[in-house]
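Below is one structure, written out as structure tokens, with a few remarks after it.
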Amino acid sequence: MKRFHVHLHVDDLGQSIGFYSKLFAAEPARVEADYAKWMLQDPPVNFAISTRGSQPGIDHLGIQTDDPAELAEMKARAAAADMALLDEGETTCCYARSEKHWVTDPQGIAWEHFHTLGNIPVFKEAGQAETSPSACCAPSAAPQAAAQPEASAYCSPSRGKPVGIPVKSNSSCC
């Protein structure tokens with residue numbers, strides 16, 4: 001089974017946990033001092049929030065797989081479509097050990113494809129650089145997406161790119 005994944009940056013974790021718990025009619029599956037995650041079944045969504053970003057908004061989107069074969073299939077599809085792919089392999093982030101890779105859409109939004117291998121007690125294990133307040137850093141920007149806010153606002157310039165999208169209250173979008 002595949003599950004849609006959304007990771008948002010929030011200003012007030014407690015207030016946001018209260019809001020999303022009411023919205024989803026469910027308590028988070030995991031809560032840390034800077035992070036909360038809901039594993040919703042209907043619809044199947046891995047929805048995470050954290051206070052690690054410099055401003056509220058979308059950090060990244062993704063697809064979580066329950067099966068390593070599904071992850072390999074998604075990676076093969078991305079490679080066949082000539083998408084720029086950042087393969088992190090086995091890594092730790094967001095209180096979990098995962099096998100993952102990243103692609104970036106034409107708008108510059110990072111998409112994480114991952115298979116969770118297990119939980120860990122820290123956000124990121126020692127030995128893996130955590131040089132910014134970002135949640136999980138995404139792949140570098142494609143050349144056409146270079147005119148974005150400075151990378152240090154969201155991700156380490158050496159590994160990531162800005163993927164935060166602030167919520168606009170005056171939007172006419174549905």
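If you're wondering about the labels, chains in the structure tokens are A, B, ... by order shown, residues count from 1 in each chain, ligands from 1 in order shown.
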
Residue contacts of Thr51 of chain A (8 Å, only C-alpha atoms) excluding same-chain residues fewer than 4 positions away, as an MDAnalysis selection string
chainID A and resid 9:13 34:35

Find the residues of segment 45-85 of chain A that sit at most 10 Å from segment 90-110 of chain A; for each, write down the nearest two atoms and how far apart they are in Å, to one decimal. Count only C-alpha atoms. Sort by chain, then by number going up, and give it as a tab-separated table.
```
residue	atom	partner	partner_atom	distance
A:Ala48	CA	A:Cys94	CA	9.0
A:Ile49	CA	A:Cys94	CA	10.0
A:Ser50	CA	A:Cys94	CA	9.1
A:Ile58	CA	A:Ile109	CA	8.9
A:Asp59	CA	A:Ala110	CA	7.9
A:His60	CA	A:Ala110	CA	5.2
A:Leu61	CA	A:Ala110	CA	6.4
A:Gly62	CA	A:Ala110	CA	7.9
A:Gln64	CA	A:Lys100	CA	9.2
A:Pro68	CA	A:Glu99	CA	8.3
A:Leu71	CA	A:Lys100	CA	8.0
A:Ala72	CA	A:Lys100	CA	9.7
A:Met74	CA	A:His101	CA	9.4
A:Lys75	CA	A:His101	CA	7.4
A:Ala78	CA	A:Val103	CA	7.7
A:Ala79	CA	A:Val103	CA	9.9
A:Met83	CA	A:Val103	CA	6.7
A:Ala84	CA	A:Val103	CA	6.1
A:Leu85	CA	A:Val103	CA	5.1
```

Using N, CA, C and O atoms, can you write the selected residues to a file as a compact mmCIF listing (two decimals), in the first residue's frame?
```
# COMPACT_ATOMS: atom_id res chain seq x y z
N ALA A 48 2.68 15.08 8.71
CA ALA A 48 3.64 15.46 9.74
C ALA A 48 3.74 16.98 9.83
O ALA A 48 3.63 17.68 8.83
N ILE A 49 3.96 17.47 11.06
CA ILE A 49 4.20 18.89 11.29
C ILE A 49 5.44 19.02 12.16
O ILE A 49 5.76 18.12 12.94
N SER A 50 6.16 20.13 11.99
CA SER A 50 7.33 20.36 12.84
C SER A 50 7.56 21.86 12.99
O SER A 50 7.06 22.65 12.20
N ILE A 58 4.40 24.51 3.51
CA ILE A 58 4.74 23.16 3.07
C ILE A 58 6.25 23.00 3.03
O ILE A 58 6.94 23.82 2.44
N ASP A 59 6.75 21.96 3.68
CA ASP A 59 8.17 21.61 3.56
C ASP A 59 8.35 20.72 2.33
O ASP A 59 9.16 21.01 1.47
N HIS A 60 7.60 19.63 2.27
CA HIS A 60 7.68 18.75 1.12
C HIS A 60 6.45 17.85 1.09
O HIS A 60 5.72 17.75 2.06
N LEU A 61 6.25 17.20 -0.05
CA LEU A 61 5.20 16.21 -0.25
C LEU A 61 5.90 14.87 -0.51
O LEU A 61 7.10 14.82 -0.73
N GLY A 62 5.13 13.80 -0.49
CA GLY A 62 5.76 12.52 -0.76
C GLY A 62 4.81 11.36 -0.84
O GLY A 62 3.60 11.51 -0.67
N GLN A 64 4.81 7.40 0.76
CA GLN A 64 5.41 6.40 1.63
C GLN A 64 4.90 5.04 1.18
O GLN A 64 3.70 4.86 0.95
N PRO A 68 9.27 -2.50 0.09
CA PRO A 68 10.47 -2.02 -0.62
C PRO A 68 10.37 -2.19 -2.14
O PRO A 68 10.97 -1.42 -2.89
N LEU A 71 8.83 0.89 -3.56
CA LEU A 71 9.80 1.99 -3.61
C LEU A 71 10.72 1.82 -4.81
O LEU A 71 10.99 2.79 -5.53
N ALA A 72 11.19 0.62 -5.06
CA ALA A 72 12.05 0.36 -6.22
C ALA A 72 11.31 0.66 -7.52
O ALA A 72 11.90 1.22 -8.46
N MET A 74 8.88 2.90 -7.92
CA MET A 74 8.78 4.35 -8.03
C MET A 74 10.11 4.95 -8.48
O MET A 74 10.13 5.88 -9.30
N LYS A 75 11.21 4.42 -7.99
CA LYS A 75 12.53 4.90 -8.38
C LYS A 75 12.78 4.61 -9.85
O LYS A 75 13.30 5.46 -10.59
N ALA A 78 10.82 7.07 -12.01
CA ALA A 78 11.46 8.39 -12.02
C ALA A 78 12.68 8.38 -12.94
O ALA A 78 12.89 9.30 -13.73
N ALA A 79 13.48 7.32 -12.87
CA ALA A 79 14.67 7.21 -13.72
C ALA A 79 14.27 7.11 -15.19
O ALA A 79 14.89 7.74 -16.05
N MET A 83 13.75 12.05 -14.68
CA MET A 83 13.64 13.01 -13.58
C MET A 83 14.97 13.06 -12.84
O MET A 83 15.60 12.02 -12.64
N ALA A 84 15.38 14.25 -12.44
CA ALA A 84 16.56 14.36 -11.58
C ALA A 84 16.23 13.66 -10.27
O ALA A 84 15.21 13.93 -9.67
N LEU A 85 17.08 12.77 -9.86
CA LEU A 85 16.80 11.91 -8.71
C LEU A 85 17.94 12.02 -7.71
O LEU A 85 19.10 11.91 -8.09
```

From the list A:Glu112, A:Asp82, A:Glu125, A:Glu70, the nearest residue to His7 of chain A using only C-alpha atoms is A:Glu112

Do you have the atom CA of His113 of chain A-atom CA of Lys22 of chain A distance handy?
27.8 Å

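Each of A:His115, A:Lys37, A:Lys124, A:Arg77 was checked against Leu8 of chain A using only C-alpha atoms; the smallest atom-to-atom distance is that of A:Lys37.
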
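When atom CA of Pro56 of chain A is paired with atom CA of Val6 of chain A, their separation reads 13.3 Å.
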
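For the set A:Ser16, A:Ser21, A:Lys2, A:Glu88, the residue with the smallest atom-to-atom gap to Val45 of chain A is A:Lys2, counting only C-alpha atoms.
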